[in-house]
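Trainee: First the structure, then my questions, so here it is.
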Amino acid sequence: MSVFDRAYDDPVRVLDEDGEVVGDVPDLDDEALVDIYRHMRLARHFDGRAVSLQRQGRMGTYPPLSGQEGAQIGSATALAEDDWMVPSYREHGAALVRGLPLKQTLLYWMGHEAGNEAPEGVNVFPVAVPIASQVPHATGASWASKLRGTDEAFLCYFGDGATSEGDFHEGVNFAGVFDTPTVFFCNNNQWAISVPRERQTRSATLAQKAEAYGIDGVQVDGMDPLAVYSVTTAALEKARDPEADRPRPTLIEAIQYRFGAHTTADDPTVYRDDDEVERWKAKDPIPRLEAYLRAEGILDDERVAEIGTAVEERVADAIDEAEAVARPAPSELFEHAYAELPPELARQREAFAAFRETHGDEAFLEE
Amino acid sequence: MSDTQNLTVVQAVRDGLYSEMREDDDVLVLGQDVGKNGGVFRATEGLFDEFGGDRVVDTPLAESGIVGCAVGMAAMGLRPVPEIQFSGFMYPGFDQIVSHMARFRARSRGRFTLPLTLRAPYGGGIRAPEHHSESKEAFYAHEAGLKVVIPSTPYDAKGLLAASIRDPDPVIFLEPKLIYRAFRDEVPEEPYTVPIGEAATRREGDDVAVFTYGAMTRPTLEAAETLAEEGIECEVVDLRTVSPLDREAIIDAFERTGRAVVVHEAPKTGGLAGEITAIVQEEALLYQEAPVKRVTGFDVPYPLYALEDYYLPTATRIEEGIREAVEF
């Protein structure tokens, strides 16, 4: 039986909360398993440091991901080299698996446009802030890969709140109609800022919304990275295969929880209680996978400590690199709006340069 | 000299799509009823048979989906030409237009560019139902990252559409449906482009510069001919692109005449006429001999058609506006 034939409310699971095997462990070698663990540790540590940078005034508003590493790392690990990911704005962990340097993510949230410029060869779309608006992009981009016969798959991330937006429905509907190689990955973290999951829809699951569009829908324990890896791998394989005997697109609902705030500008204690947070923290993806890997003899105290040290160093280095980047040249303001500067914009740039020449940067930077 | 065909505006749009699709396999058309039906105005007639359903795509009825999918396609290097059936139905796709179409290049520092041309019939005068007659070009001209093109002749319709499709940046291509079939023009069979951002002088005159575009070009020229009989010679400038505006052409015509009238069917407040007025104020104040006169639609919701003749500028209203500017 295919993983897509199960009931919508029967999430795929591999490890339970204690790391005991309760499903089919995916076929990954030891180092690949350790990589998933390492990336989750990296994402978690990065997240803590990023929140702390914001608190110290060294970074702007930032959306934390703690609690969601299993979904992000498990799914991004399933991507093939030529596949693409289309993020919303919280997928820093998935992006780092894809090869986006941590420094870029830091720069973006430090207000540098350059943070969004993924290096060539890093198949990551830029951050999309308006909720669900990236969903039709993923459909269109994967449609292009189908039309060209290259058949790369596109993995599109969004949250539970996004499933209420028109763009979610339009994008998934187009994918169904045109049978595009798209995997829609819903990070159902239970809260859209302060609005709970049950306020988004009366549907018992988000996965079942796939039914309306004639595509496959499946729930997965989003805090179980191995389950997420398995189900995303199956969905991506089906997406890439023009001869697939099922619809190429899939909607995955990954059940999870955001441990922290929506962004650093949000105070979740206003709308949810500590007991709830504690209940979900018991499902933390990191100790779960660690317990399994220790039981399998793949990790031990020494290796875990090594990974911890390496993670701390890597994040510290990325912060140093990002903070060493100078403020962009003010003339950058005028770059990239168009391929070629229209005459009026060229005049605005000249006037801006002349004003700066006369008055200096202090004329812009006064309090 | 290549062969020409005698085409209407909408036939020239269709011919422009046809020749660009022949030139470049990456060009594809998507929208509602654009396939077998050939478009509700026949702008895509015959393209489905010629190029097949993968390149002439009937989509679900969802404007945001159409624009959003086109954004994704263009980001991957295709040159999609989505059609929104009437410009009054662009608003469900407005977020995609302003949040993504306009910003993808800047957001990704040029890694992703969107060679995308969004076509929509626009404007009034065809006795259409509610929401089918508005002129909202100013919305799009206000948005950095977009270009906004409005042809007024069959020759320009084909050439500007080709230039838009070949442009590396996204273009909003608004087609004045009042003149879709109003007259014919000799249009070369060969592909050609008309540059974006260049106005065309439709009539020369020394007394007053009249700036207009789209369907208002014809009544403006009619008014100019009537006034010529009275000895008032109008320079009529068809802007053809409303973003970026051809500032040089505007300033040049104004400096030679010292008087300006702007004609558009869009509402007055916040319309392009205000921008053109500001340009002549900034650049040529000392040439100015009269207040700039705006002949425009009114600041009311576009009326149902029993009253649309009273809403749209007519040759007589335009004449009156020009007289005011000349006689000041």
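In the structure tokens, chains take the letters A, B, ... in the order shown, each chain's residues start at 1, and ligands count up from 1 in the order shown.
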Compute the chain B side of the contact with chain A at 10 Å, counting only C-alpha atoms, and hand it back as an MDAnalysis selection string.
Mentor: chainID B and resid 26 54:55 57 59:78 80 92:93 95:96 99:100 102:113 144:147 167:170 197 243:248
Trainee: For the contact check between region 230-263 of chain B and region 278-284 of chain B, emit one row per residue of region 230-263 of chain B within 10 Å, containing the shortest atom pair and the distance in Å rounded to one decimal, counting only C-alpha atoms, chain then rising number order, as a Markdown table.
Mentor:
| residue | atom | partner | partner_atom | distance |
| --- | --- | --- | --- | --- |
| B:Leu245 | CA | B:Ile279 | CA | 9.8 |
| B:Arg247 | CA | B:Ile279 | CA | 7.3 |
| B:Glu248 | CA | B:Glu283 | CA | 9.7 |
| B:Ile250 | CA | B:Val280 | CA | 7.4 |
| B:Ile251 | CA | B:Val280 | CA | 6.1 |
| B:Asp252 | CA | B:Ala284 | CA | 9.0 |
| B:Ala253 | CA | B:Val280 | CA | 9.8 |
| B:Phe254 | CA | B:Val280 | CA | 7.0 |
| B:Glu255 | CA | B:Ala284 | CA | 6.5 |
| B:Gly258 | CA | B:Ala284 | CA | 8.5 |
| B:Arg259 | CA | B:Val280 | CA | 9.7 |
| B:Ala260 | CA | B:Val280 | CA | 8.7 |
Trainee: Can I get the selection written as a PDB file, in the first residue's frame, with N, CA and C atoms?
Mentor:
ATOM      1  N   LEU B 245       7.513  57.069 -18.419  1.00  0.00           N
ATOM      2  CA  LEU B 245       7.058  58.120 -19.327  1.00  0.00           C
ATOM      3  C   LEU B 245       8.231  58.654 -20.145  1.00  0.00           C
ATOM      4  N   ARG B 247       9.822  61.444 -20.816  1.00  0.00           N
ATOM      5  CA  ARG B 247       9.924  62.816 -20.291  1.00  0.00           C
ATOM      6  C   ARG B 247      10.457  63.775 -21.341  1.00  0.00           C
ATOM      7  N   GLU B 248      11.425  63.309 -22.108  1.00  0.00           N
ATOM      8  CA  GLU B 248      12.016  64.208 -23.116  1.00  0.00           C
ATOM      9  C   GLU B 248      10.969  64.685 -24.102  1.00  0.00           C
ATOM     10  N   ILE B 250       7.793  64.860 -23.658  1.00  0.00           N
ATOM     11  CA  ILE B 250       6.821  65.734 -22.977  1.00  0.00           C
ATOM     12  C   ILE B 250       7.415  67.136 -22.828  1.00  0.00           C
ATOM     13  N   ILE B 251       8.636  67.208 -22.372  1.00  0.00           N
ATOM     14  CA  ILE B 251       9.272  68.510 -22.128  1.00  0.00           C
ATOM     15  C   ILE B 251       9.482  69.245 -23.451  1.00  0.00           C
ATOM     16  N   ASP B 252       9.916  68.508 -24.453  1.00  0.00           N
ATOM     17  CA  ASP B 252      10.163  69.125 -25.757  1.00  0.00           C
ATOM     18  C   ASP B 252       8.884  69.740 -26.328  1.00  0.00           C
ATOM     19  N   ALA B 253       7.800  68.991 -26.324  1.00  0.00           N
ATOM     20  CA  ALA B 253       6.548  69.514 -26.887  1.00  0.00           C
ATOM     21  C   ALA B 253       6.061  70.710 -26.069  1.00  0.00           C
ATOM     22  N   PHE B 254       6.260  70.636 -24.766  1.00  0.00           N
ATOM     23  CA  PHE B 254       5.798  71.739 -23.915  1.00  0.00           C
ATOM     24  C   PHE B 254       6.630  72.998 -24.133  1.00  0.00           C
ATOM     25  N   GLU B 255       7.927  72.809 -24.248  1.00  0.00           N
ATOM     26  CA  GLU B 255       8.785  73.993 -24.437  1.00  0.00           C
ATOM     27  C   GLU B 255       8.467  74.701 -25.749  1.00  0.00           C
ATOM     28  N   GLY B 258       4.451  75.984 -24.814  1.00  0.00           N
ATOM     29  CA  GLY B 258       4.176  76.734 -23.586  1.00  0.00           C
ATOM     30  C   GLY B 258       2.815  76.437 -22.967  1.00  0.00           C
ATOM     31  N   ARG B 259       2.072  75.568 -23.610  1.00  0.00           N
ATOM     32  CA  ARG B 259       0.732  75.235 -23.096  1.00  0.00           C
ATOM     33  C   ARG B 259       0.528  73.729 -23.215  1.00  0.00           C
ATOM     34  N   ALA B 260      -0.153  73.173 -22.221  1.00  0.00           N
ATOM     35  CA  ALA B 260      -0.354  71.717 -22.256  1.00  0.00           C
ATOM     36  C   ALA B 260      -1.758  71.332 -21.810  1.00  0.00           C
TER      37      ALA B 260
END
Trainee: Would you kindly return, as a JSON list (two decimals) with C-alpha atoms, in the first residue's frame, each protein, DNA or RNA residue with an atom no farther than 6 Å from any atom of region 39-53 of chain A, considering only C-alpha atoms and excluding same-chain residues fewer than 3 positions away?
Mentor:
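This is the output file part01.json:
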[["chain", "number", "residue", "atom", "x", "y", "z"],
["A", 35, "ASP", "CA", 23.63, 14.80, 8.90],
["A", 36, "ILE", "CA", 19.93, 15.16, 9.66],
["A", 56, "GLN", "CA", 20.64, 42.88, 21.60],
["A", 58, "ARG", "CA", 22.09, 43.49, 16.34],
["A", 59, "MET", "CA", 19.35, 42.18, 14.06],
["A", 64, "PRO", "CA", 12.08, 31.73, 15.01],
["A", 66, "SER", "CA", 12.56, 26.12, 17.11],
["A", 69, "GLU", "CA", 13.51, 21.44, 12.69],
["A", 93, "GLY", "CA", 16.77, 25.33, 8.45],
["A", 311, "VAL", "CA", 27.61, 23.78, 15.43],
["A", 315, "VAL", "CA", 27.07, 29.78, 13.82]]
Trainee: Quick one: residues within 7 Å of Gly67 (chain A), only C-alpha atoms, excluding same-chain residues fewer than 5 positions away - as a ChimeraX atom specification?
Mentor: /A:257-259,284
Trainee: Could you write those residues out with N, CA and C atoms, as a PDB file, in the first residue's frame?
Mentor:
ATOM      1  N   TYR A 257       4.910  22.068  16.078  1.00  0.00           N
ATOM      2  CA  TYR A 257       4.616  23.165  16.996  1.00  0.00           C
ATOM      3  C   TYR A 257       5.764  24.157  16.972  1.00  0.00           C
ATOM      4  N   ARG A 258       5.386  25.425  16.972  1.00  0.00           N
ATOM      5  CA  ARG A 258       6.410  26.465  17.102  1.00  0.00           C
ATOM      6  C   ARG A 258       6.617  26.714  18.586  1.00  0.00           C
ATOM      7  N   PHE A 259       7.793  26.377  19.087  1.00  0.00           N
ATOM      8  CA  PHE A 259       8.057  26.516  20.526  1.00  0.00           C
ATOM      9  C   PHE A 259       8.066  27.984  20.940  1.00  0.00           C
ATOM     10  N   ASP A 284       9.861  17.120  21.030  1.00  0.00           N
ATOM     11  CA  ASP A 284      11.031  17.766  20.400  1.00  0.00           C
ATOM     12  C   ASP A 284      11.762  16.807  19.450  1.00  0.00           C
TER      13      ASP A 284
END
Trainee: Residues of region 19-137 of chain B that have any atom at most 10 Å from an atom of region 298-313 of chain B: could you tabulate them with the shortest-distance atom pair and the distance in Å to one decimal, using only C-alpha atoms, ordered by chain and increasing number, as a Markdown table?
Mentor:
| residue | atom | partner | partner_atom | distance |
| --- | --- | --- | --- | --- |
| B:Gly123 | CA | B:Leu312 | CA | 9.6 |
| B:Gly124 | CA | B:Leu312 | CA | 7.5 |
| B:Gly125 | CA | B:Glu308 | CA | 6.8 |
| B:Ile126 | CA | B:Tyr305 | CA | 8.2 |
| B:Arg127 | CA | B:Tyr305 | CA | 5.1 |
| B:Ala128 | CA | B:Tyr305 | CA | 6.7 |
| B:Pro129 | CA | B:Leu304 | CA | 6.6 |
| B:Glu130 | CA | B:Leu304 | CA | 6.0 |
| B:His131 | CA | B:Tyr302 | CA | 7.9 |
| B:His132 | CA | B:Tyr302 | CA | 9.2 |
| B:Ser133 | CA | B:Tyr302 | CA | 7.1 |
| B:Glu134 | CA | B:Tyr302 | CA | 6.3 |
| B:Ser135 | CA | B:Tyr302 | CA | 9.0 |
Trainee: Take the residues just selected and output them with all heavy atoms as a PDB file, in the first residue's frame.
Mentor:
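What follows is the written file out.pdb:
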ATOM      1  N   GLY B 123     -10.412  49.907 -20.364  1.00  0.00           N
ATOM      2  CA  GLY B 123     -11.050  51.146 -20.795  1.00  0.00           C
ATOM      3  C   GLY B 123     -12.517  50.982 -21.168  1.00  0.00           C
ATOM      4  O   GLY B 123     -13.036  49.874 -21.269  1.00  0.00           O
ATOM      5  N   GLY B 124     -13.159  52.139 -21.352  1.00  0.00           N
ATOM      6  CA  GLY B 124     -14.606  52.170 -21.511  1.00  0.00           C
ATOM      7  C   GLY B 124     -15.072  52.322 -22.940  1.00  0.00           C
ATOM      8  O   GLY B 124     -14.298  52.262 -23.885  1.00  0.00           O
ATOM      9  N   GLY B 125     -16.403  52.517 -23.034  1.00  0.00           N
ATOM     10  CA  GLY B 125     -16.985  52.889 -24.314  1.00  0.00           C
ATOM     11  C   GLY B 125     -17.583  51.766 -25.113  1.00  0.00           C
ATOM     12  O   GLY B 125     -18.013  51.970 -26.243  1.00  0.00           O
ATOM     13  N   ILE B 126     -17.627  50.554 -24.553  1.00  0.00           N
ATOM     14  CA  ILE B 126     -18.197  49.463 -25.361  1.00  0.00           C
ATOM     15  C   ILE B 126     -19.496  48.922 -24.768  1.00  0.00           C
ATOM     16  O   ILE B 126     -19.914  47.806 -25.072  1.00  0.00           O
ATOM     17  CB  ILE B 126     -17.193  48.319 -25.600  1.00  0.00           C
ATOM     18  CG1 ILE B 126     -16.816  47.590 -24.301  1.00  0.00           C
ATOM     19  CG2 ILE B 126     -15.928  48.810 -26.302  1.00  0.00           C
ATOM     20  CD1 ILE B 126     -16.304  46.175 -24.547  1.00  0.00           C
ATOM     21  N   ARG B 127     -20.146  49.717 -23.934  1.00  0.00           N
ATOM     22  CA  ARG B 127     -21.464  49.328 -23.403  1.00  0.00           C
ATOM     23  C   ARG B 127     -21.381  48.009 -22.625  1.00  0.00           C
ATOM     24  O   ARG B 127     -22.208  47.107 -22.787  1.00  0.00           O
ATOM     25  CB  ARG B 127     -22.492  49.180 -24.542  1.00  0.00           C
ATOM     26  CG  ARG B 127     -22.601  50.418 -25.429  1.00  0.00           C
ATOM     27  CD  ARG B 127     -23.329  51.524 -24.675  1.00  0.00           C
ATOM     28  NE  ARG B 127     -23.501  52.708 -25.510  1.00  0.00           N
ATOM     29  CZ  ARG B 127     -22.767  53.828 -25.379  1.00  0.00           C
ATOM     30  NH1 ARG B 127     -21.795  53.899 -24.472  1.00  0.00           N
ATOM     31  NH2 ARG B 127     -23.005  54.875 -26.127  1.00  0.00           N
ATOM     32  N   ALA B 128     -20.356  47.896 -21.821  1.00  0.00           N
ATOM     33  CA  ALA B 128     -20.105  46.641 -21.108  1.00  0.00           C
ATOM     34  C   ALA B 128     -20.751  46.689 -19.724  1.00  0.00           C
ATOM     35  O   ALA B 128     -21.095  47.763 -19.224  1.00  0.00           O
ATOM     36  CB  ALA B 128     -18.602  46.424 -20.984  1.00  0.00           C
ATOM     37  N   PRO B 129     -20.888  45.534 -19.071  1.00  0.00           N
ATOM     38  CA  PRO B 129     -21.417  45.520 -17.698  1.00  0.00           C
ATOM     39  C   PRO B 129     -20.427  46.142 -16.701  1.00  0.00           C
ATOM     40  O   PRO B 129     -19.312  46.504 -17.062  1.00  0.00           O
ATOM     41  CB  PRO B 129     -21.595  44.030 -17.400  1.00  0.00           C
ATOM     42  CG  PRO B 129     -21.473  43.325 -18.698  1.00  0.00           C
ATOM     43  CD  PRO B 129     -20.651  44.191 -19.594  1.00  0.00           C
ATOM     44  N   GLU B 130     -20.876  46.212 -15.445  1.00  0.00           N
ATOM     45  CA  GLU B 130     -20.046  46.774 -14.390  1.00  0.00           C
ATOM     46  C   GLU B 130     -18.685  46.050 -14.336  1.00  0.00           C
ATOM     47  O   GLU B 130     -18.606  44.851 -14.628  1.00  0.00           O
ATOM     48  CB  GLU B 130     -20.762  46.616 -13.044  1.00  0.00           C
ATOM     49  CG  GLU B 130     -20.177  47.501 -11.956  1.00  0.00           C
ATOM     50  CD  GLU B 130     -20.881  47.329 -10.602  1.00  0.00           C
ATOM     51  OE1 GLU B 130     -21.816  46.543 -10.497  1.00  0.00           O
ATOM     52  OE2 GLU B 130     -20.454  48.017  -9.645  1.00  0.00           O
ATOM     53  N   HIS B 131     -17.645  46.785 -13.971  1.00  0.00           N
ATOM     54  CA  HIS B 131     -16.270  46.269 -13.823  1.00  0.00           C
ATOM     55  C   HIS B 131     -15.570  45.962 -15.145  1.00  0.00           C
ATOM     56  O   HIS B 131     -14.486  45.410 -15.151  1.00  0.00           O
ATOM     57  CB  HIS B 131     -16.213  44.994 -12.962  1.00  0.00           C
ATOM     58  CG  HIS B 131     -16.883  45.135 -11.639  1.00  0.00           C
ATOM     59  ND1 HIS B 131     -16.467  46.041 -10.693  1.00  0.00           N
ATOM     60  CD2 HIS B 131     -17.961  44.500 -11.129  1.00  0.00           C
ATOM     61  CE1 HIS B 131     -17.268  45.935  -9.642  1.00  0.00           C
ATOM     62  NE2 HIS B 131     -18.168  45.018  -9.873  1.00  0.00           N
ATOM     63  N   HIS B 132     -16.170  46.283 -16.267  1.00  0.00           N
ATOM     64  CA  HIS B 132     -15.565  45.947 -17.560  1.00  0.00           C
ATOM     65  C   HIS B 132     -15.021  47.182 -18.279  1.00  0.00           C
ATOM     66  O   HIS B 132     -14.648  47.094 -19.442  1.00  0.00           O
ATOM     67  CB  HIS B 132     -16.581  45.261 -18.471  1.00  0.00           C
ATOM     68  CG  HIS B 132     -16.939  43.869 -18.059  1.00  0.00           C
ATOM     69  ND1 HIS B 132     -17.618  43.588 -16.906  1.00  0.00           N
ATOM     70  CD2 HIS B 132     -16.691  42.671 -18.650  1.00  0.00           C
ATOM     71  CE1 HIS B 132     -17.794  42.281 -16.817  1.00  0.00           C
ATOM     72  NE2 HIS B 132     -17.232  41.704 -17.858  1.00  0.00           N
ATOM     73  N   SER B 133     -15.002  48.350 -17.635  1.00  0.00           N
ATOM     74  CA  SER B 133     -14.718  49.573 -18.388  1.00  0.00           C
ATOM     75  C   SER B 133     -13.684  50.498 -17.758  1.00  0.00           C
ATOM     76  O   SER B 133     -13.364  51.529 -18.331  1.00  0.00           O
ATOM     77  CB  SER B 133     -16.031  50.357 -18.564  1.00  0.00           C
ATOM     78  OG  SER B 133     -16.978  49.571 -19.230  1.00  0.00           O
ATOM     79  N   GLU B 134     -13.142  50.113 -16.615  1.00  0.00           N
ATOM     80  CA  GLU B 134     -12.271  51.027 -15.889  1.00  0.00           C
ATOM     81  C   GLU B 134     -10.916  51.214 -16.564  1.00  0.00           C
ATOM     82  O   GLU B 134     -10.473  50.367 -17.341  1.00  0.00           O
ATOM     83  CB  GLU B 134     -12.037  50.513 -14.460  1.00  0.00           C
ATOM     84  CG  GLU B 134     -13.206  50.705 -13.526  1.00  0.00           C
ATOM     85  CD  GLU B 134     -14.348  49.715 -13.734  1.00  0.00           C
ATOM     86  OE1 GLU B 134     -14.232  48.817 -14.594  1.00  0.00           O
ATOM     87  OE2 GLU B 134     -15.367  49.839 -13.026  1.00  0.00           O
ATOM     88  N   SER B 135     -10.266  52.327 -16.196  1.00  0.00           N
ATOM     89  CA  SER B 135      -8.900  52.619 -16.642  1.00  0.00           C
ATOM     90  C   SER B 135      -8.060  52.844 -15.395  1.00  0.00           C
ATOM     91  O   SER B 135      -8.095  53.911 -14.807  1.00  0.00           O
ATOM     92  CB  SER B 135      -8.873  53.895 -17.485  1.00  0.00           C
ATOM     93  OG  SER B 135      -9.666  53.727 -18.621  1.00  0.00           O
TER      94      SER B 135
END
Trainee: Pick out the residues sitting within 7 Å of region 235-242 of chain B, and hand them over as a PDB file with N, CA, C and O atoms, in the first residue's frame; count only C-alpha atoms, and ignore anything fewer than 6 positions along from it in its own chain.
Mentor:
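Saved file around.pdb follows:
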ATOM      1  N   ALA B 141       1.387  52.107 -12.926  1.00  0.00           N
ATOM      2  CA  ALA B 141       2.469  53.056 -13.182  1.00  0.00           C
ATOM      3  C   ALA B 141       3.109  53.486 -11.864  1.00  0.00           C
ATOM      4  O   ALA B 141       4.273  53.876 -11.818  1.00  0.00           O
ATOM      5  N   VAL B 148       4.463  49.920 -18.022  1.00  0.00           N
ATOM      6  CA  VAL B 148       3.050  49.931 -18.396  1.00  0.00           C
ATOM      7  C   VAL B 148       2.918  50.509 -19.797  1.00  0.00           C
ATOM      8  O   VAL B 148       3.288  51.664 -20.033  1.00  0.00           O
ATOM      9  N   VAL B 149       2.416  49.691 -20.702  1.00  0.00           N
ATOM     10  CA  VAL B 149       2.374  50.036 -22.123  1.00  0.00           C
ATOM     11  C   VAL B 149       0.921  50.051 -22.594  1.00  0.00           C
ATOM     12  O   VAL B 149       0.148  49.161 -22.224  1.00  0.00           O
ATOM     13  N   ILE B 150       0.563  51.070 -23.382  1.00  0.00           N
ATOM     14  CA  ILE B 150      -0.807  51.189 -23.892  1.00  0.00           C
ATOM     15  C   ILE B 150      -0.747  51.632 -25.355  1.00  0.00           C
ATOM     16  O   ILE B 150      -0.498  52.792 -25.647  1.00  0.00           O
ATOM     17  N   PRO B 151      -0.954  50.705 -26.280  1.00  0.00           N
ATOM     18  CA  PRO B 151      -0.895  51.090 -27.696  1.00  0.00           C
ATOM     19  C   PRO B 151      -2.182  51.788 -28.150  1.00  0.00           C
ATOM     20  O   PRO B 151      -3.230  51.619 -27.521  1.00  0.00           O
ATOM     21  N   ILE B 196       9.725  50.471 -26.047  1.00  0.00           N
ATOM     22  CA  ILE B 196       8.989  50.867 -24.838  1.00  0.00           C
ATOM     23  C   ILE B 196       9.591  52.176 -24.331  1.00  0.00           C
ATOM     24  O   ILE B 196      10.804  52.373 -24.394  1.00  0.00           O
ATOM     25  N   GLY B 197       8.744  53.083 -23.852  1.00  0.00           N
ATOM     26  CA  GLY B 197       9.256  54.322 -23.256  1.00  0.00           C
ATOM     27  C   GLY B 197       9.430  55.463 -24.241  1.00  0.00           C
ATOM     28  O   GLY B 197       9.982  56.500 -23.885  1.00  0.00           O
ATOM     29  N   GLU B 198       8.962  55.273 -25.481  1.00  0.00           N
ATOM     30  CA  GLU B 198       9.060  56.357 -26.465  1.00  0.00           C
ATOM     31  C   GLU B 198       7.674  56.778 -26.928  1.00  0.00           C
ATOM     32  O   GLU B 198       6.901  55.970 -27.437  1.00  0.00           O
ATOM     33  N   ALA B 199       7.396  58.073 -26.767  1.00  0.00           N
ATOM     34  CA  ALA B 199       6.127  58.618 -27.232  1.00  0.00           C
ATOM     35  C   ALA B 199       6.173  58.808 -28.746  1.00  0.00           C
ATOM     36  O   ALA B 199       7.248  58.766 -29.354  1.00  0.00           O
ATOM     37  N   ALA B 200       4.993  59.006 -29.353  1.00  0.00           N
ATOM     38  CA  ALA B 200       4.916  59.270 -30.796  1.00  0.00           C
ATOM     39  C   ALA B 200       4.146  60.568 -31.013  1.00  0.00           C
ATOM     40  O   ALA B 200       3.089  60.767 -30.411  1.00  0.00           O
ATOM     41  N   THR B 201       4.688  61.436 -31.836  1.00  0.00           N
ATOM     42  CA  THR B 201       3.952  62.663 -32.176  1.00  0.00           C
ATOM     43  C   THR B 201       2.975  62.321 -33.287  1.00  0.00           C
ATOM     44  O   THR B 201       3.373  61.935 -34.382  1.00  0.00           O
ATOM     45  N   ARG B 202       1.696  62.442 -32.997  1.00  0.00           N
ATOM     46  CA  ARG B 202       0.668  62.071 -33.976  1.00  0.00           C
ATOM     47  C   ARG B 202       0.267  63.247 -34.847  1.00  0.00           C
ATOM     48  O   ARG B 202      -0.335  63.090 -35.888  1.00  0.00           O
ATOM     49  N   ARG B 203       0.555  64.458 -34.365  1.00  0.00           N
ATOM     50  CA  ARG B 203       0.196  65.647 -35.140  1.00  0.00           C
ATOM     51  C   ARG B 203       1.104  66.757 -34.661  1.00  0.00           C
ATOM     52  O   ARG B 203       1.350  66.879 -33.466  1.00  0.00           O
ATOM     53  N   GLU B 204       1.599  67.552 -35.587  1.00  0.00           N
ATOM     54  CA  GLU B 204       2.486  68.641 -35.185  1.00  0.00           C
ATOM     55  C   GLU B 204       1.719  69.953 -35.123  1.00  0.00           C
ATOM     56  O   GLU B 204       0.792  70.181 -35.894  1.00  0.00           O
ATOM     57  N   GLY B 205       2.107  70.806 -34.188  1.00  0.00           N
ATOM     58  CA  GLY B 205       1.442  72.098 -34.038  1.00  0.00           C
ATOM     59  C   GLY B 205       2.203  72.951 -33.053  1.00  0.00           C
ATOM     60  O   GLY B 205       2.906  72.436 -32.183  1.00  0.00           O
ATOM     61  N   ASP B 206       2.070  74.255 -33.155  1.00  0.00           N
ATOM     62  CA  ASP B 206       2.894  75.160 -32.350  1.00  0.00           C
ATOM     63  C   ASP B 206       2.156  75.820 -31.196  1.00  0.00           C
ATOM     64  O   ASP B 206       2.767  76.514 -30.386  1.00  0.00           O
ATOM     65  N   VAL B 208      -0.234  74.481 -28.820  1.00  0.00           N
ATOM     66  CA  VAL B 208      -0.503  73.782 -27.564  1.00  0.00           C
ATOM     67  C   VAL B 208      -0.100  72.313 -27.721  1.00  0.00           C
ATOM     68  O   VAL B 208      -0.255  71.742 -28.804  1.00  0.00           O
ATOM     69  N   ALA B 209       0.460  71.752 -26.638  1.00  0.00           N
ATOM     70  CA  ALA B 209       0.803  70.325 -26.660  1.00  0.00           C
ATOM     71  C   ALA B 209      -0.301  69.544 -25.961  1.00  0.00           C
ATOM     72  O   ALA B 209      -0.686  69.889 -24.834  1.00  0.00           O
ATOM     73  N   VAL B 210      -0.816  68.536 -26.625  1.00  0.00           N
ATOM     74  CA  VAL B 210      -1.859  67.706 -26.023  1.00  0.00           C
ATOM     75  C   VAL B 210      -1.296  66.297 -25.852  1.00  0.00           C
ATOM     76  O   VAL B 210      -0.887  65.662 -26.824  1.00  0.00           O
ATOM     77  N   PHE B 211      -1.261  65.855 -24.598  1.00  0.00           N
ATOM     78  CA  PHE B 211      -0.691  64.538 -24.280  1.00  0.00           C
ATOM     79  C   PHE B 211      -1.827  63.557 -23.999  1.00  0.00           C
ATOM     80  O   PHE B 211      -2.735  63.862 -23.213  1.00  0.00           O
ATOM     81  N   THR B 212      -1.764  62.415 -24.636  1.00  0.00           N
ATOM     82  CA  THR B 212      -2.802  61.420 -24.412  1.00  0.00           C
ATOM     83  C   THR B 212      -2.248  60.043 -24.718  1.00  0.00           C
ATOM     84  O   THR B 212      -1.052  59.885 -24.993  1.00  0.00           O
ATOM     85  N   TYR B 213      -3.110  59.032 -24.666  1.00  0.00           N
ATOM     86  CA  TYR B 213      -2.703  57.658 -24.992  1.00  0.00           C
ATOM     87  C   TYR B 213      -3.946  56.796 -25.124  1.00  0.00           C
ATOM     88  O   TYR B 213      -5.045  57.190 -24.711  1.00  0.00           O
ATOM     89  N   THR B 217      -6.632  58.822 -27.957  1.00  0.00           N
ATOM     90  CA  THR B 217      -5.831  59.448 -29.017  1.00  0.00           C
ATOM     91  C   THR B 217      -6.714  59.889 -30.183  1.00  0.00           C
ATOM     92  O   THR B 217      -6.536  60.983 -30.736  1.00  0.00           O
ATOM     93  N   LEU B 221      -7.216  63.692 -31.623  1.00  0.00           N
ATOM     94  CA  LEU B 221      -6.833  64.106 -32.982  1.00  0.00           C
ATOM     95  C   LEU B 221      -8.016  64.764 -33.700  1.00  0.00           C
ATOM     96  O   LEU B 221      -7.854  65.741 -34.432  1.00  0.00           O
TER      97      LEU B 221
END
Trainee: Among the residues of region 241-340 of chain A, find those DSSP assigns to strand (DSSP E or B) from the backbone and print them as a PyMOL selection string.
Mentor: chain A and resi 250-255
Trainee: If we count only C-alpha atoms and set the cut-off at 12 Å, which residues sit around Arg202 (chain A), ignoring sequence neighbours fewer than 5 positions away in its own chain? Please answer as a list in words.
Mentor: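 Here the answer would be Thr163, Ser164, Pro196, Arg197, Gln208 and Lys209 of chain A.
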Trainee: Write down as a PyMOL selection string the residues belonging to region 63-261 of chain B that are assigned helix (DSSP H, G or I) by DSSP computed on the backbone.
Mentor: chain B and resi 63-75+87-89+91-101+104-107+137-141+154-166+177-179+214-229+247-257
